[in-house]
Amino acid sequence: MVGKRGRVIGRIAPGIVGEVMLPVRGATEAFYAYPAADEVIEVGTPVVVVEFDPPRTVYVARAI
Amino acid sequence: MFWTYLITGAIALVVLLLMFRMVWRVAEPNEALIISGLGAHSSQEQINETLGFKIVVGRGTAVLPGFQTVRRLPLDIRATPLTVTCVSSQGIPLHIKGVTAYKVGDDYGSIANAARRFLEQSDEEVKNTIHELFAGHLRAIVGSTTVEEMLHDRETLTTNIRGSLAGDMEKLGLVVDSLQIQEIDDESGYIKNLGRPQAAAVEAAARIAQAERDREATEREQVAAAAKAAAVRQSSIAQAGYQAEVDQANSKASQSGPLAEALARQEVVVAETETAKLNASLAEKQLESSVLKPADAEAYKQRTLANAARDAQIASAEAQAREVTLRGEAQAKATELNGKAEALAVQAKAMAEAAGIKARAEALATNTDAVVAQQLAEAYPEIVRAAASSFEKVGNMVVLNGAQGIEDTLVKTITMGGSGFALAKQLIDSLSTNNEKPTLEAVPDENTRA
């Protein structure tokens, strides 16, 4: 899961729960996302998974 | 022998198939097989820690009957309608209607969590549990949001919902595919009042615009109607003019017959007049010849005669006049001489008379009575005659005291003449001697004295 690239579909910011779509199991699924560094990532930004907390939580960072 | 083997083989095959059917389970894509029992552990590749049961997704597996049990956990989507009565952060009571779509997560951790909780429960029970859970979460979310935010800012609402549900959903092994709020109702009319100012403004603008356009349209309509009326008027006037011309031509045409007739008659009359004129001149000429010319001749004759007569008369008159003039001159001369002589005579007479009057006056002055009586006696017949003649005029005389009266009347008439003389005497007396004689006194009436 770590290193997978996804897209933000729910705004990610410190203090609130965001959502990202990640390609997994042949399709995309939604995961709860938190920012790895304290930053605000708006909807539609490509991100990369930095850390994975099973079953449904990921820590993401902006994918440059 | 052969058939026995065949039948035995067939039966064996069937038995094998049946046994296979009893043992082999295939997981459909939307379900997970949960197998627990003898040797049912998850393989290393799936999860580190042993689950205590085997999860099979998307393939078939053999299940030892008696030693292992298999359950199917449906992984398909489940939808629950939410009907929640709650209060917003402003304290406004709301009825929220929504729907939530959720499913068991597809990863093994979620399946394991869900299997442990929901495997034996029916759909209905699961739904109820989930409904209560979500309603509580929604109440919490609504209680921290204002109505305006709920209406206008869906993104924030979704984020809040997600934040609220994330922990619980992970615990349950569920995944919320979508949570949508379909209706937000409030009994106090707060939401309706939110929209009222805008609605009123738009309605007012619409009415104003409508009234404006209506006014414009009516103005244009009336202008067009006025133009139409003007055009109609023009056409009517023109038509009336043409109609008048037509009527005039018609009447002229209808009059042409009588007109021609009248003209013809006029010519006839003119001709007749001419004839009459000629007749008259003929008569005139005739008269001329029959009457005028002889008359003229006669007149000429008479005139000439008259002229001659006049000349003769003039001559005679002249002669007479000459004669008269001469005679007159002679007479005048004679008269002149006569007159002169007469004048001398009269003068002498007058002188004599004057002397006589003077003598008489002298006599009157001395003896007036005698002179007056003499005069009276001289003039008496004339006086009586005058008195008598005065009675000539009288037509009807009534005397009241008989013969005496007549006599009295005569005497009165005479005396009137006499009293005139008495008056004359008085006057002469006064003239001749102013001092001696007294003034005039009234002449007494003979009758009263008598």
# chains A, B, ... in the order shown; residues from 1 in each chain; ligands from 1
call {"tool": "interface_residues", "arguments": {"of": "chain A", "to": "chain B", "cutoff": "7 Å", "atoms": "only C-alpha atoms", "output": "list of chain:residue names"}}
result
A:Gly10, A:Ile16, A:Val17, A:Gly18, A:Pro55, A:Arg56
call {"tool": "residues_around", "arguments": {"residues": "Ile12 (chain A)", "least_positions_apart": "3", "cutoff": "9 Å", "atoms": "only C-alpha atoms", "output": "VMD selection string"}}
result
chain A and resid 8 to 9 15 to 20 33 to 35 39 to 43
call {"tool": "select_by_dssp", "arguments": {"residues": "chain A", "states": "strand (DSSP E or B)", "output": "PyMOL selection string"}}
result
chain A and resi 5-10+12-13+16+18-24+27-35+41+46-53+57-62
call {"tool": "closest_residue", "arguments": {"among": "A:Ala27, A:Ile64, A:Val2, A:Leu22", "to": "Val50 (chain A)", "atoms": "only C-alpha atoms"}}
result
A:Val2
call {"tool": "residues_around", "arguments": {"residues": "Ile141 (chain B)", "least_positions_apart": "2", "cutoff": "8 Å", "atoms": "only C-alpha atoms", "output": "VMD selection string"}}
result
chain B and resid 137 to 139 143 to 145 157 160 to 161 164
call {"tool": "write_last_selection", "arguments": {"atoms": "N, CA and C atoms", "output": "PDB file, in the first residue's frame"}}
result
ATOM      1  N   HIS B 137     -24.828   9.777  14.697  1.00  0.00           N
ATOM      2  CA  HIS B 137     -23.745  10.564  14.125  1.00  0.00           C
ATOM      3  C   HIS B 137     -24.286  11.812  13.441  1.00  0.00           C
ATOM      4  N   LEU B 138     -25.387  11.641  12.717  1.00  0.00           N
ATOM      5  CA  LEU B 138     -25.976  12.793  11.995  1.00  0.00           C
ATOM      6  C   LEU B 138     -26.426  13.860  12.968  1.00  0.00           C
ATOM      7  N   ARG B 139     -27.023  13.429  14.053  1.00  0.00           N
ATOM      8  CA  ARG B 139     -27.456  14.412  15.061  1.00  0.00           C
ATOM      9  C   ARG B 139     -26.268  15.205  15.559  1.00  0.00           C
ATOM     10  N   GLY B 143     -25.864  19.168  14.910  1.00  0.00           N
ATOM     11  CA  GLY B 143     -25.775  20.019  16.089  1.00  0.00           C
ATOM     12  C   GLY B 143     -24.566  20.928  16.071  1.00  0.00           C
ATOM     13  N   SER B 144     -23.597  20.610  15.255  1.00  0.00           N
ATOM     14  CA  SER B 144     -22.410  21.463  15.181  1.00  0.00           C
ATOM     15  C   SER B 144     -22.396  22.314  13.918  1.00  0.00           C
ATOM     16  N   THR B 145     -23.474  22.322  13.169  1.00  0.00           N
ATOM     17  CA  THR B 145     -23.518  23.092  11.925  1.00  0.00           C
ATOM     18  C   THR B 145     -24.723  24.040  11.959  1.00  0.00           C
ATOM     19  N   LEU B 157     -20.071  19.832   5.108  1.00  0.00           N
ATOM     20  CA  LEU B 157     -20.940  18.848   5.768  1.00  0.00           C
ATOM     21  C   LEU B 157     -20.417  17.440   5.555  1.00  0.00           C
ATOM     22  N   ASN B 160     -17.389  16.806   7.603  1.00  0.00           N
ATOM     23  CA  ASN B 160     -17.738  16.577   9.018  1.00  0.00           C
ATOM     24  C   ASN B 160     -18.290  15.179   9.240  1.00  0.00           C
ATOM     25  N   ILE B 161     -19.151  14.791   8.293  1.00  0.00           N
ATOM     26  CA  ILE B 161     -19.739  13.453   8.419  1.00  0.00           C
ATOM     27  C   ILE B 161     -18.650  12.386   8.383  1.00  0.00           C
ATOM     28  N   SER B 164     -16.742  12.277  11.468  1.00  0.00           N
ATOM     29  CA  SER B 164     -17.474  11.708  12.594  1.00  0.00           C
ATOM     30  C   SER B 164     -17.565  10.189  12.507  1.00  0.00           C
TER      31      SER B 164
END
call {"tool": "select_by_dssp", "arguments": {"residues": "region 129-256 of chain B", "states": "alpha helix (DSSP H)", "output": "VMD selection string"}}
result
chain B and resid 129 to 143 147 to 152 154 to 172 190 to 256
call {"tool": "residues_around", "arguments": {"residues": "Val63 (chain B)", "least_positions_apart": "2", "cutoff": "7 Å", "atoms": "only C-alpha atoms", "output": "ChimeraX atom specification"}}
result
/B:23-25,61,65,68
call {"tool": "write_last_selection", "arguments": {"atoms": "N, CA and C atoms", "output": "short mmCIF file (atom, residue, chain, number, x, y, z; two decimals), in the first residue's frame"}}
result
data_model
loop_
_atom_site.label_atom_id
_atom_site.label_comp_id
_atom_site.auth_asym_id
_atom_site.auth_seq_id
_atom_site.Cartn_x
_atom_site.Cartn_y
_atom_site.Cartn_z
N VAL B 23 -18.43 -30.69 -0.99
CA VAL B 23 -17.19 -30.20 -0.40
C VAL B 23 -16.79 -28.84 -0.97
N TRP B 24 -16.99 -28.70 -2.24
CA TRP B 24 -16.39 -27.54 -2.88
C TRP B 24 -17.37 -26.37 -2.78
N ARG B 25 -16.80 -25.24 -2.33
CA ARG B 25 -17.58 -24.01 -2.26
C ARG B 25 -16.86 -22.97 -3.09
N THR B 61 -13.07 -23.06 -2.88
CA THR B 61 -12.25 -23.76 -1.90
C THR B 61 -13.00 -25.01 -1.41
N PRO B 65 -16.51 -31.33 5.13
CA PRO B 65 -17.79 -31.37 5.84
C PRO B 65 -17.61 -32.03 7.21
N GLN B 68 -15.18 -28.64 9.04
CA GLN B 68 -15.12 -27.18 8.80
C GLN B 68 -16.53 -26.65 8.52
#
call {"tool": "residues_around", "arguments": {"residues": "Pro23 (chain A)", "least_positions_apart": "6", "cutoff": "12 Å", "atoms": "only C-alpha atoms", "output": "ChimeraX atom specification"}}
result
/A:1-7,29-31,48-49
call {"tool": "write_last_selection", "arguments": {"atoms": "C-alpha atoms", "output": "JSON list (two decimals), in the first residue's frame"}}
result
[["chain", "number", "residue", "atom", "x", "y", "z"],
["A", 1, "MET", "CA", 0.00, 0.00, 0.00],
["A", 2, "VAL", "CA", 2.81, 2.39, 0.77],
["A", 3, "GLY", "CA", 3.94, 4.20, -2.35],
["A", 4, "LYS", "CA", 0.67, 3.89, -4.10],
["A", 5, "ARG", "CA", -0.45, 7.00, -5.83],
["A", 6, "GLY", "CA", -3.93, 8.26, -5.45],
["A", 7, "ARG", "CA", -6.21, 11.29, -5.75],
["A", 29, "GLU", "CA", -11.34, 2.24, -3.22],
["A", 30, "ALA", "CA", -11.72, 5.11, -0.82],
["A", 31, "PHE", "CA", -9.47, 5.37, 2.22],
["A", 48, "VAL", "CA", 1.25, 9.36, -2.62],
["A", 49, "VAL", "CA", 0.76, 7.06, 0.32]]
call {"tool": "residues_around", "arguments": {"residues": "His95 (chain B)", "least_positions_apart": "6", "cutoff": "7 Å", "atoms": "only C-alpha atoms", "output": "PyMOL selection string"}}
result
chain B and resi 84-86+184-186
call {"tool": "atom_distance", "arguments": {"atom1": "CA of Thr304 (chain B)", "atom2": "CA of Glu323 (chain B)"}}
result
27.9 Å
call {"tool": "decode", "arguments": {"residues": "region 17-59 of chain A", "atoms": "N, CA and C atoms", "output": "compact mmCIF listing (two decimals), in the first residue's frame"}}
result
# COMPACT_ATOMS: atom_id res chain seq x y z
N VAL A 17 -10.76 14.73 8.76
CA VAL A 17 -10.51 13.46 8.09
C VAL A 17 -10.76 13.66 6.61
N GLY A 18 -9.76 13.40 5.80
CA GLY A 18 -9.91 13.50 4.36
C GLY A 18 -10.14 12.13 3.76
N GLU A 19 -10.24 12.11 2.44
CA GLU A 19 -10.50 10.86 1.76
C GLU A 19 -9.69 10.85 0.49
N VAL A 20 -9.09 9.70 0.18
CA VAL A 20 -8.36 9.52 -1.07
C VAL A 20 -8.84 8.26 -1.73
N MET A 21 -8.71 8.29 -3.06
CA MET A 21 -9.02 7.09 -3.84
C MET A 21 -7.70 6.45 -4.24
N LEU A 22 -7.54 5.16 -3.90
CA LEU A 22 -6.32 4.44 -4.23
C LEU A 22 -6.66 3.23 -5.08
N PRO A 23 -5.83 2.93 -6.04
CA PRO A 23 -6.07 1.73 -6.85
C PRO A 23 -5.65 0.47 -6.09
N VAL A 24 -6.64 -0.33 -5.83
CA VAL A 24 -6.34 -1.55 -5.06
C VAL A 24 -7.33 -2.62 -5.47
N ARG A 25 -6.84 -3.87 -5.46
CA ARG A 25 -7.68 -5.04 -5.78
C ARG A 25 -8.36 -4.90 -7.15
N GLY A 26 -7.62 -4.35 -8.05
CA GLY A 26 -8.14 -4.24 -9.41
C GLY A 26 -9.06 -3.07 -9.64
N ALA A 27 -9.41 -2.32 -8.58
CA ALA A 27 -10.29 -1.16 -8.73
C ALA A 27 -9.84 -0.10 -7.75
N THR A 28 -10.53 1.02 -7.72
CA THR A 28 -10.18 2.06 -6.75
C THR A 28 -11.12 1.99 -5.57
N GLU A 29 -10.53 2.20 -4.43
CA GLU A 29 -11.34 2.24 -3.22
C GLU A 29 -10.99 3.48 -2.43
N ALA A 30 -11.90 3.90 -1.61
CA ALA A 30 -11.72 5.11 -0.82
C ALA A 30 -11.09 4.77 0.52
N PHE A 31 -10.13 5.54 0.92
CA PHE A 31 -9.47 5.37 2.22
C PHE A 31 -9.50 6.68 2.96
N TYR A 32 -9.59 6.59 4.29
CA TYR A 32 -9.50 7.80 5.09
C TYR A 32 -8.06 8.26 5.07
N ALA A 33 -7.90 9.57 4.88
CA ALA A 33 -6.54 10.09 4.67
C ALA A 33 -6.24 11.19 5.65
N TYR A 34 -5.00 11.18 6.14
CA TYR A 34 -4.49 12.25 7.00
C TYR A 34 -3.21 12.75 6.37
N PRO A 35 -2.94 14.02 6.59
CA PRO A 35 -1.71 14.54 5.99
C PRO A 35 -0.49 14.04 6.78
N ALA A 36 0.54 13.61 6.02
CA ALA A 36 1.77 13.16 6.68
C ALA A 36 2.47 14.34 7.30
N ALA A 37 2.59 15.44 6.52
CA ALA A 37 3.10 16.70 7.07
C ALA A 37 1.92 17.64 7.25
N ASP A 38 2.01 18.58 8.15
CA ASP A 38 0.86 19.45 8.42
C ASP A 38 0.63 20.39 7.24
N GLU A 39 -0.13 19.95 6.33
CA GLU A 39 -0.44 20.79 5.19
C GLU A 39 -1.90 20.54 4.77
N VAL A 40 -2.36 21.43 3.97
CA VAL A 40 -3.73 21.30 3.47
C VAL A 40 -3.65 20.85 2.02
N ILE A 41 -4.29 19.75 1.74
CA ILE A 41 -4.30 19.25 0.36
C ILE A 41 -5.73 19.30 -0.14
N GLU A 42 -5.92 20.05 -1.22
CA GLU A 42 -7.28 20.26 -1.73
C GLU A 42 -7.73 19.06 -2.56
N VAL A 43 -9.04 19.11 -2.87
CA VAL A 43 -9.63 18.01 -3.63
C VAL A 43 -9.01 17.96 -5.01
N GLY A 44 -8.69 16.79 -5.46
CA GLY A 44 -8.18 16.57 -6.81
C GLY A 44 -6.67 16.55 -6.91
N THR A 45 -5.99 16.75 -5.82
CA THR A 45 -4.52 16.77 -5.86
C THR A 45 -3.98 15.34 -5.89
N PRO A 46 -3.06 15.03 -6.75
CA PRO A 46 -2.44 13.67 -6.68
C PRO A 46 -1.54 13.55 -5.44
N VAL A 47 -1.75 12.46 -4.81
CA VAL A 47 -0.98 12.23 -3.56
C VAL A 47 -0.31 10.84 -3.62
N VAL A 48 0.58 10.68 -2.70
CA VAL A 48 1.25 9.36 -2.62
C VAL A 48 1.17 8.88 -1.16
N VAL A 49 0.92 7.62 -1.04
CA VAL A 49 0.76 7.06 0.32
C VAL A 49 2.12 6.94 0.97
N VAL A 50 2.17 7.50 2.16
CA VAL A 50 3.43 7.47 2.91
C VAL A 50 3.40 6.38 3.98
N GLU A 51 2.20 6.25 4.56
CA GLU A 51 2.06 5.27 5.62
C GLU A 51 0.67 4.69 5.56
N PHE A 52 0.54 3.43 5.95
CA PHE A 52 -0.75 2.74 5.86
C PHE A 52 -1.11 2.17 7.22
N ASP A 53 -2.31 2.55 7.63
CA ASP A 53 -2.84 1.98 8.88
C ASP A 53 -4.02 1.11 8.53
N PRO A 54 -3.87 -0.25 8.61
CA PRO A 54 -5.01 -1.07 8.21
C PRO A 54 -6.18 -0.86 9.16
N PRO A 55 -7.37 -1.08 8.75
CA PRO A 55 -7.68 -1.51 7.39
C PRO A 55 -7.91 -0.38 6.38
N ARG A 56 -8.16 0.86 6.93
CA ARG A 56 -8.71 1.86 6.00
C ARG A 56 -8.08 3.22 6.14
N THR A 57 -6.97 3.37 6.77
CA THR A 57 -6.40 4.71 7.01
C THR A 57 -5.03 4.79 6.37
N VAL A 58 -4.80 5.90 5.70
CA VAL A 58 -3.51 6.14 5.08
C VAL A 58 -3.03 7.52 5.46
N TYR A 59 -1.71 7.66 5.41
CA TYR A 59 -1.10 8.98 5.56
C TYR A 59 -0.50 9.34 4.23
